[in-house]
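See structure below.
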Amino acid sequence: MSRPSPLRRVLAPTAPLPVVSLATAALLLTACGTERTDAGRPGASTAVPPSSMRVDDPGKDGVRVTSLTLAPPSPSPSPSADFTVSAESLDSGVSATFEVTNDGTEALTYSIVFTFMSGDGGAMANPTATVRDVAPGKTASATVRVGALPPTTPRITQVKVAKVTKVPAAEAPAEAGSCPSSGIRVSVDQGDAAMGLRVVGLHLDNCGTRPYTVEGYPLLELLGEDREPVDGVTILDGSGEITTGAGPDERPRPVTLAPGESATAGLVWRNTVESGTPVDVPYVRVRAKAGADPVTVTPNLDLGTTGKLGVRPWKKTQR
């Protein structure tokens with residue numbers, strides 16, 4: 001005795017989503033919640049195609065967002081599935097395409113902080129993208145991705161360029177995992193702040209094949225927004241005139257780094273604001289020692305009206 005064939009739902013092909021305005025897309029994404037059945041795993045959801053929209057962005061410092069792509073997280077398996085996925089590890093599927101235009105006279109490397117926001121303007125993520133070696137008069141396109149977000153994060157519907165820093169391409173810090181021809185990599189960390197005291201670390205890595213020796217203090221040049229020298233700030237050897245909270249000053253001594261070894265030096269200041277005009281230093285040109293190639297880092301020194309920056313000597317990093 002033959003049995004009737006089971007009924008099957010046939011899903012019509014999903015048409016490509018049109019390009020819409022940012023506000024309209026936010027409404028559509030909030031209102032829509034179609035549930036589908038995965039043919040391979042009953043009860044599991046099928047991924048919804050991403051929604052891409054043009055963004056009318058006036059831009060900032062030569063960087064402008066051109067489109068925003070919104071997509072739900074990767075589908076989660078049903079309780080009856082034979083594997084599990086942590087919701088915290090799911091990619092948000094959110095990204096933005098942007099353009100960088102160099103209207104200067106030399107090749108520049110850009111570091112851009114983006115703010116991805118919910119419908120009410122709250123910041124949900126602040127990823128950073130680096131675009132290297134943009135030639136004068138040229139425009140480069142790139143994409144920045146939000147990555148994983150907690151499952152309770154409000155839906156992202158907006159993006160803006162929050163901050164742009166740009167340094168001469170020849171002086172940009174080396175890309176992570178790469179080694180410049182000098183064999184020496186210079187970088188800066190995010191630093192620490194407490195009660196108005198600021199401490200930022202400079203890092204010197206010997207990624208080359210020969211020993212490298214430094215002695216004393218790194219050589220610094222403080223630069224403003226226009227990357228021109230900043231006047232009125234005294235660079236001190238040591239941090240004792242600023243604070244004793246960063247530990248005692250050590251005497252400078254020769255430091256020889258074998259290949260693979262590192263050293264650090266500290267920048268110490270207070271952001272106290274009293275009478276006068278506060279001084280901000282977004283860029284610092286660093287030479288590990290006299291004659292070394294310069295590297296321009298972006299520690300964003302908010303020196304207040306103190307007029308002082310303490311520099312601690314190179315010290316080998318203990319493994």
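If you're wondering about the labels, chains in the structure tokens are A, B, ... by order shown, residues count from 1 in each chain, ligands from 1 in order shown.
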- Message: Please extract the residues of range 93-246 of chain A with a backbone DSSP assignment of strand (DSSP E) and present them as a VMD selection string.
- Response: chain A and resid 95 to 101 108 to 118 123 to 125 128 to 134 139 to 145 156 to 168 184 to 188 192 to 194 197 to 206 212 to 215 219 to 223 234 to 237
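Residues within 6 Å of Met117 in chain A, counting only C-alpha atoms and excluding same-chain residues fewer than 4 positions away, are A:Gly121, A:Gly122, A:Ala123, A:Met124, A:Ile156, A:Gln158, A:Val159.
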Output C-alpha atoms for every residue in that selection, as a tab-separated table (two decimals), in the first residue's frame.
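Contents of the output file part.tsv:
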chain	number	residue	atom	x	y	z
A	121	GLY	CA	23.24	56.80	18.20
A	122	GLY	CA	24.84	54.62	20.89
A	123	ALA	CA	28.33	53.36	20.05
A	124	MET	CA	28.39	49.56	19.62
A	156	ILE	CA	23.82	48.40	14.27
A	158	GLN	CA	24.90	53.63	11.36
A	159	VAL	CA	28.63	54.22	10.99
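Between CA of Leu90 in chain A and CA of Ala129 in chain A lies a distance of 20.7 Å.
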- Message: Can you pull out the residues contacting Arg251 in chain A? Cut-off 10 Å, using only C-alpha atoms, and skip same-chain residues under 6 positions away; I want them as a PyMOL selection string.
- Response: chain A and resi 216+237-238+312-315
Now that the selection is made, can you save its residues with N, CA, C and O atoms as an mmCIF file, in the first residue's frame?
data_model
loop_
_atom_site.group_PDB
_atom_site.id
_atom_site.type_symbol
_atom_site.label_atom_id
_atom_site.label_comp_id
_atom_site.auth_asym_id
_atom_site.auth_seq_id
_atom_site.Cartn_x
_atom_site.Cartn_y
_atom_site.Cartn_z
ATOM 1 N N GLY A 216 70.825 54.836 26.804
ATOM 2 C CA GLY A 216 70.189 56.069 27.225
ATOM 3 C C GLY A 216 68.738 56.157 26.795
ATOM 4 O O GLY A 216 68.002 55.166 26.838
ATOM 5 N N ASP A 237 64.829 64.094 30.937
ATOM 6 C CA ASP A 237 65.425 62.778 31.123
ATOM 7 C C ASP A 237 64.931 62.223 32.446
ATOM 8 O O ASP A 237 65.240 62.753 33.518
ATOM 9 N N GLY A 238 64.120 61.164 32.400
ATOM 10 C CA GLY A 238 63.555 60.594 33.606
ATOM 11 C C GLY A 238 62.200 61.209 33.922
ATOM 12 O O GLY A 238 61.756 62.179 33.298
ATOM 13 N N ARG A 312 61.757 57.911 30.126
ATOM 14 C CA ARG A 312 62.579 56.968 30.854
ATOM 15 C C ARG A 312 63.489 56.210 29.892
ATOM 16 O O ARG A 312 63.145 56.017 28.724
ATOM 17 N N PRO A 313 64.671 55.775 30.345
ATOM 18 C CA PRO A 313 65.646 55.169 29.424
ATOM 19 C C PRO A 313 65.225 53.782 28.960
ATOM 20 O O PRO A 313 64.370 53.129 29.558
ATOM 21 N N TRP A 314 65.855 53.349 27.865
ATOM 22 C CA TRP A 314 65.604 51.993 27.357
ATOM 23 C C TRP A 314 65.995 50.958 28.410
ATOM 24 O O TRP A 314 67.026 51.092 29.088
ATOM 25 N N LYS A 315 65.158 49.948 28.529
ATOM 26 C CA LYS A 315 65.409 48.860 29.463
ATOM 27 C C LYS A 315 65.005 47.549 28.785
ATOM 28 O O LYS A 315 63.922 47.472 28.187
#
- Message: Given only C-alpha atoms as the basis, pick out the residue of A:Ala71, A:Val167, A:Tyr110, A:Arg210 nearest to Gly147 in chain A.
- Response: A:Ala71
Selection: 8 Å around range 140-146 of chain A, only C-alpha atoms, excl. self and same-chain fewer than 3 positions, as a PDB file with all heavy atoms, in the first residue's frame:
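Generated output (out.pdb):
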ATOM      1  N   SER A  92      29.319  39.321  13.597  1.00  0.00           N
ATOM      2  CA  SER A  92      28.152  40.187  13.457  1.00  0.00           C
ATOM      3  C   SER A  92      27.727  40.359  12.005  1.00  0.00           C
ATOM      4  O   SER A  92      26.584  40.713  11.732  1.00  0.00           O
ATOM      5  CB  SER A  92      28.451  41.562  14.067  1.00  0.00           C
ATOM      6  OG  SER A  92      29.472  42.216  13.329  1.00  0.00           O
ATOM      7  N   GLY A  93      28.649  40.134  11.073  1.00  0.00           N
ATOM      8  CA  GLY A  93      28.338  40.332   9.667  1.00  0.00           C
ATOM      9  C   GLY A  93      28.255  41.787   9.264  1.00  0.00           C
ATOM     10  O   GLY A  93      27.851  42.101   8.138  1.00  0.00           O
ATOM     11  N   VAL A  94      28.654  42.707  10.131  1.00  0.00           N
ATOM     12  CA  VAL A  94      28.564  44.135   9.847  1.00  0.00           C
ATOM     13  C   VAL A  94      29.915  44.642   9.351  1.00  0.00           C
ATOM     14  O   VAL A  94      30.954  44.345   9.933  1.00  0.00           O
ATOM     15  CB  VAL A  94      28.132  44.918  11.103  1.00  0.00           C
ATOM     16  CG1 VAL A  94      28.093  46.422  10.828  1.00  0.00           C
ATOM     17  CG2 VAL A  94      26.782  44.431  11.593  1.00  0.00           C
ATOM     18  N   SER A  95      29.891  45.413   8.282  1.00  0.00           N
ATOM     19  CA  SER A  95      31.119  45.980   7.742  1.00  0.00           C
ATOM     20  C   SER A  95      30.808  47.291   7.038  1.00  0.00           C
ATOM     21  O   SER A  95      29.642  47.607   6.765  1.00  0.00           O
ATOM     22  CB  SER A  95      31.798  45.008   6.769  1.00  0.00           C
ATOM     23  OG  SER A  95      30.966  44.782   5.635  1.00  0.00           O
ATOM     24  N   ALA A  96      31.828  48.059   6.750  1.00  0.00           N
ATOM     25  CA  ALA A  96      31.670  49.310   6.010  1.00  0.00           C
ATOM     26  C   ALA A  96      32.794  49.425   4.999  1.00  0.00           C
ATOM     27  O   ALA A  96      33.950  49.106   5.292  1.00  0.00           O
ATOM     28  CB  ALA A  96      31.677  50.505   6.958  1.00  0.00           C
ATOM     29  N   THR A  97      32.450  49.870   3.809  1.00  0.00           N
ATOM     30  CA  THR A  97      33.438  50.167   2.779  1.00  0.00           C
ATOM     31  C   THR A  97      33.734  51.659   2.826  1.00  0.00           C
ATOM     32  O   THR A  97      32.821  52.472   3.007  1.00  0.00           O
ATOM     33  CB  THR A  97      32.920  49.771   1.395  1.00  0.00           C
ATOM     34  OG1 THR A  97      32.627  48.373   1.396  1.00  0.00           O
ATOM     35  CG2 THR A  97      33.956  50.061   0.314  1.00  0.00           C
ATOM     36  N   PHE A  98      34.998  52.019   2.683  1.00  0.00           N
ATOM     37  CA  PHE A  98      35.366  53.425   2.782  1.00  0.00           C
ATOM     38  C   PHE A  98      36.464  53.761   1.775  1.00  0.00           C
ATOM     39  O   PHE A  98      37.116  52.868   1.216  1.00  0.00           O
ATOM     40  CB  PHE A  98      35.820  53.773   4.198  1.00  0.00           C
ATOM     41  CG  PHE A  98      37.047  53.035   4.669  1.00  0.00           C
ATOM     42  CD1 PHE A  98      38.312  53.613   4.579  1.00  0.00           C
ATOM     43  CD2 PHE A  98      36.951  51.755   5.207  1.00  0.00           C
ATOM     44  CE1 PHE A  98      39.447  52.932   5.011  1.00  0.00           C
ATOM     45  CE2 PHE A  98      38.077  51.072   5.651  1.00  0.00           C
ATOM     46  CZ  PHE A  98      39.328  51.663   5.548  1.00  0.00           C
ATOM     47  N   GLU A  99      36.647  55.046   1.541  1.00  0.00           N
ATOM     48  CA  GLU A  99      37.678  55.549   0.641  1.00  0.00           C
ATOM     49  C   GLU A  99      38.610  56.489   1.394  1.00  0.00           C
ATOM     50  O   GLU A  99      38.176  57.246   2.272  1.00  0.00           O
ATOM     51  CB  GLU A  99      37.053  56.303  -0.529  1.00  0.00           C
ATOM     52  CG  GLU A  99      36.278  55.435  -1.498  1.00  0.00           C
ATOM     53  CD  GLU A  99      35.704  56.226  -2.651  1.00  0.00           C
ATOM     54  OE1 GLU A  99      35.676  57.485  -2.577  1.00  0.00           O
ATOM     55  OE2 GLU A  99      35.278  55.592  -3.631  1.00  0.00           O
ATOM     56  N   VAL A 100      39.883  56.426   1.030  1.00  0.00           N
ATOM     57  CA  VAL A 100      40.898  57.307   1.597  1.00  0.00           C
ATOM     58  C   VAL A 100      41.530  58.083   0.451  1.00  0.00           C
ATOM     59  O   VAL A 100      42.063  57.477  -0.489  1.00  0.00           O
ATOM     60  CB  VAL A 100      41.980  56.510   2.347  1.00  0.00           C
ATOM     61  CG1 VAL A 100      43.056  57.444   2.888  1.00  0.00           C
ATOM     62  CG2 VAL A 100      41.376  55.699   3.476  1.00  0.00           C
ATOM     63  N   THR A 101      41.467  59.402   0.502  1.00  0.00           N
ATOM     64  CA  THR A 101      42.034  60.247  -0.544  1.00  0.00           C
ATOM     65  C   THR A 101      43.183  61.070   0.033  1.00  0.00           C
ATOM     66  O   THR A 101      42.995  61.800   1.016  1.00  0.00           O
ATOM     67  CB  THR A 101      40.973  61.192  -1.137  1.00  0.00           C
ATOM     68  OG1 THR A 101      39.911  60.410  -1.696  1.00  0.00           O
ATOM     69  CG2 THR A 101      41.572  62.067  -2.229  1.00  0.00           C
ATOM     70  N   PHE A 116      30.631  52.359  14.957  1.00  0.00           N
ATOM     71  CA  PHE A 116      29.392  51.743  14.486  1.00  0.00           C
ATOM     72  C   PHE A 116      28.343  51.932  15.574  1.00  0.00           C
ATOM     73  O   PHE A 116      28.605  51.621  16.738  1.00  0.00           O
ATOM     74  CB  PHE A 116      29.607  50.258  14.193  1.00  0.00           C
ATOM     75  CG  PHE A 116      30.391  50.002  12.936  1.00  0.00           C
ATOM     76  CD1 PHE A 116      31.770  50.105  12.929  1.00  0.00           C
ATOM     77  CD2 PHE A 116      29.746  49.657  11.759  1.00  0.00           C
ATOM     78  CE1 PHE A 116      32.502  49.871  11.777  1.00  0.00           C
ATOM     79  CE2 PHE A 116      30.466  49.413  10.600  1.00  0.00           C
ATOM     80  CZ  PHE A 116      31.845  49.523  10.602  1.00  0.00           C
ATOM     81  N   ALA A 125      30.593  49.574  18.542  1.00  0.00           N
ATOM     82  CA  ALA A 125      31.926  49.038  18.248  1.00  0.00           C
ATOM     83  C   ALA A 125      32.777  50.164  17.677  1.00  0.00           C
ATOM     84  O   ALA A 125      32.266  51.078  17.019  1.00  0.00           O
ATOM     85  CB  ALA A 125      31.839  47.874  17.269  1.00  0.00           C
ATOM     86  N   ASN A 126      34.090  50.084  17.945  1.00  0.00           N
ATOM     87  CA  ASN A 126      35.025  51.113  17.463  1.00  0.00           C
ATOM     88  C   ASN A 126      36.267  50.463  16.842  1.00  0.00           C
ATOM     89  O   ASN A 126      37.381  50.587  17.365  1.00  0.00           O
ATOM     90  CB  ASN A 126      35.440  52.046  18.602  1.00  0.00           C
ATOM     91  CG  ASN A 126      34.301  52.871  19.140  1.00  0.00           C
ATOM     92  OD1 ASN A 126      33.887  53.844  18.530  1.00  0.00           O
ATOM     93  ND2 ASN A 126      33.782  52.463  20.284  1.00  0.00           N
ATOM     94  N   PRO A 127      36.109  49.744  15.734  1.00  0.00           N
ATOM     95  CA  PRO A 127      37.259  49.102  15.122  1.00  0.00           C
ATOM     96  C   PRO A 127      38.191  50.111  14.444  1.00  0.00           C
ATOM     97  O   PRO A 127      37.766  51.215  14.081  1.00  0.00           O
ATOM     98  CB  PRO A 127      36.623  48.165  14.088  1.00  0.00           C
ATOM     99  CG  PRO A 127      35.331  48.835  13.735  1.00  0.00           C
ATOM    100  CD  PRO A 127      34.861  49.487  15.004  1.00  0.00           C
ATOM    101  N   THR A 128      39.443  49.726  14.309  1.00  0.00           N
ATOM    102  CA  THR A 128      40.452  50.566  13.646  1.00  0.00           C
ATOM    103  C   THR A 128      40.932  49.873  12.378  1.00  0.00           C
ATOM    104  O   THR A 128      41.155  48.661  12.370  1.00  0.00           O
ATOM    105  CB  THR A 128      41.640  50.818  14.578  1.00  0.00           C
ATOM    106  OG1 THR A 128      41.186  51.509  15.749  1.00  0.00           O
ATOM    107  CG2 THR A 128      42.704  51.659  13.895  1.00  0.00           C
ATOM    108  N   ALA A 129      41.082  50.645  11.312  1.00  0.00           N
ATOM    109  CA  ALA A 129      41.601  50.126  10.052  1.00  0.00           C
ATOM    110  C   ALA A 129      42.845  50.915   9.669  1.00  0.00           C
ATOM    111  O   ALA A 129      42.921  52.126   9.906  1.00  0.00           O
ATOM    112  CB  ALA A 129      40.550  50.212   8.950  1.00  0.00           C
ATOM    113  N   VAL A 131      45.369  51.827   6.428  1.00  0.00           N
ATOM    114  CA  VAL A 131      45.549  51.817   4.972  1.00  0.00           C
ATOM    115  C   VAL A 131      46.934  52.383   4.704  1.00  0.00           C
ATOM    116  O   VAL A 131      47.219  53.539   5.013  1.00  0.00           O
ATOM    117  CB  VAL A 131      44.469  52.642   4.256  1.00  0.00           C
ATOM    118  CG1 VAL A 131      44.673  52.591   2.740  1.00  0.00           C
ATOM    119  CG2 VAL A 131      43.079  52.137   4.624  1.00  0.00           C
ATOM    120  N   VAL A 134      49.370  55.280   0.675  1.00  0.00           N
ATOM    121  CA  VAL A 134      48.489  55.948  -0.278  1.00  0.00           C
ATOM    122  C   VAL A 134      49.280  57.076  -0.939  1.00  0.00           C
ATOM    123  O   VAL A 134      49.729  58.006  -0.273  1.00  0.00           O
ATOM    124  CB  VAL A 134      47.231  56.504   0.414  1.00  0.00           C
ATOM    125  CG1 VAL A 134      46.305  57.147  -0.617  1.00  0.00           C
ATOM    126  CG2 VAL A 134      46.504  55.393   1.166  1.00  0.00           C
ATOM    127  N   LEU A 149      30.314  40.215  18.151  1.00  0.00           N
ATOM    128  CA  LEU A 149      29.661  41.054  19.145  1.00  0.00           C
ATOM    129  C   LEU A 149      28.833  40.175  20.078  1.00  0.00           C
ATOM    130  O   LEU A 149      28.354  39.115  19.662  1.00  0.00           O
ATOM    131  CB  LEU A 149      28.733  42.082  18.470  1.00  0.00           C
ATOM    132  CG  LEU A 149      29.384  43.224  17.696  1.00  0.00           C
ATOM    133  CD1 LEU A 149      28.325  44.031  16.970  1.00  0.00           C
ATOM    134  CD2 LEU A 149      30.189  44.126  18.623  1.00  0.00           C
TER     135      LEU A 149
END
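Across the model, the gap from CA of Tyr217 in chain A to CA of Glu241 in chain A is 16.1 Å.
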- Task: Mind checking which residues fall within 7 Å of Pro136 in chain A, counting only C-alpha atoms, ignoring those fewer than 5 positions away in the same chain, and posting them as JSON, numbers by chain?
- Result: {"A": [102, 103, 104, 105, 106, 107]}
- With a distance cut-off of 10 Å and only C-alpha atoms, select the neighbouring residues of Val295 in chain A, excluding the residue or stretch itself and same-chain residues fewer than 2 positions from it, and output the selection as number ranges by chain. A: 167-174, 185-187, 220, 284-288, 292-293, 297
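With only C-alpha atoms as the atoms that count, the residue of A:Asp205, A:Glu228, A:Glu215, A:Glu250 with the shortest distance to Lys289 in chain A is A:Glu215.
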- Residues near Leu202 in chain A, cut-off 8 Å, only C-alpha atoms, skip fewer than 2 positions along chain, as a count of residues only: 10
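Considering only range 38-279 of chain A, backbone DSSP assigns helix (DSSP H, G or I) to Ala87, Glu88, Ser89, Ala169, Ala170 and Glu171 of chain A.
Here CA of Asp61 in chain A and CA of Val164 in chain A stand 6.5 Å from one another.
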- Of the listed residues A:Leu70, A:Ile112, A:Ala193, A:Cys207, that which approaches Glu261 in chain A most closely, counting only C-alpha atoms: A:Cys207
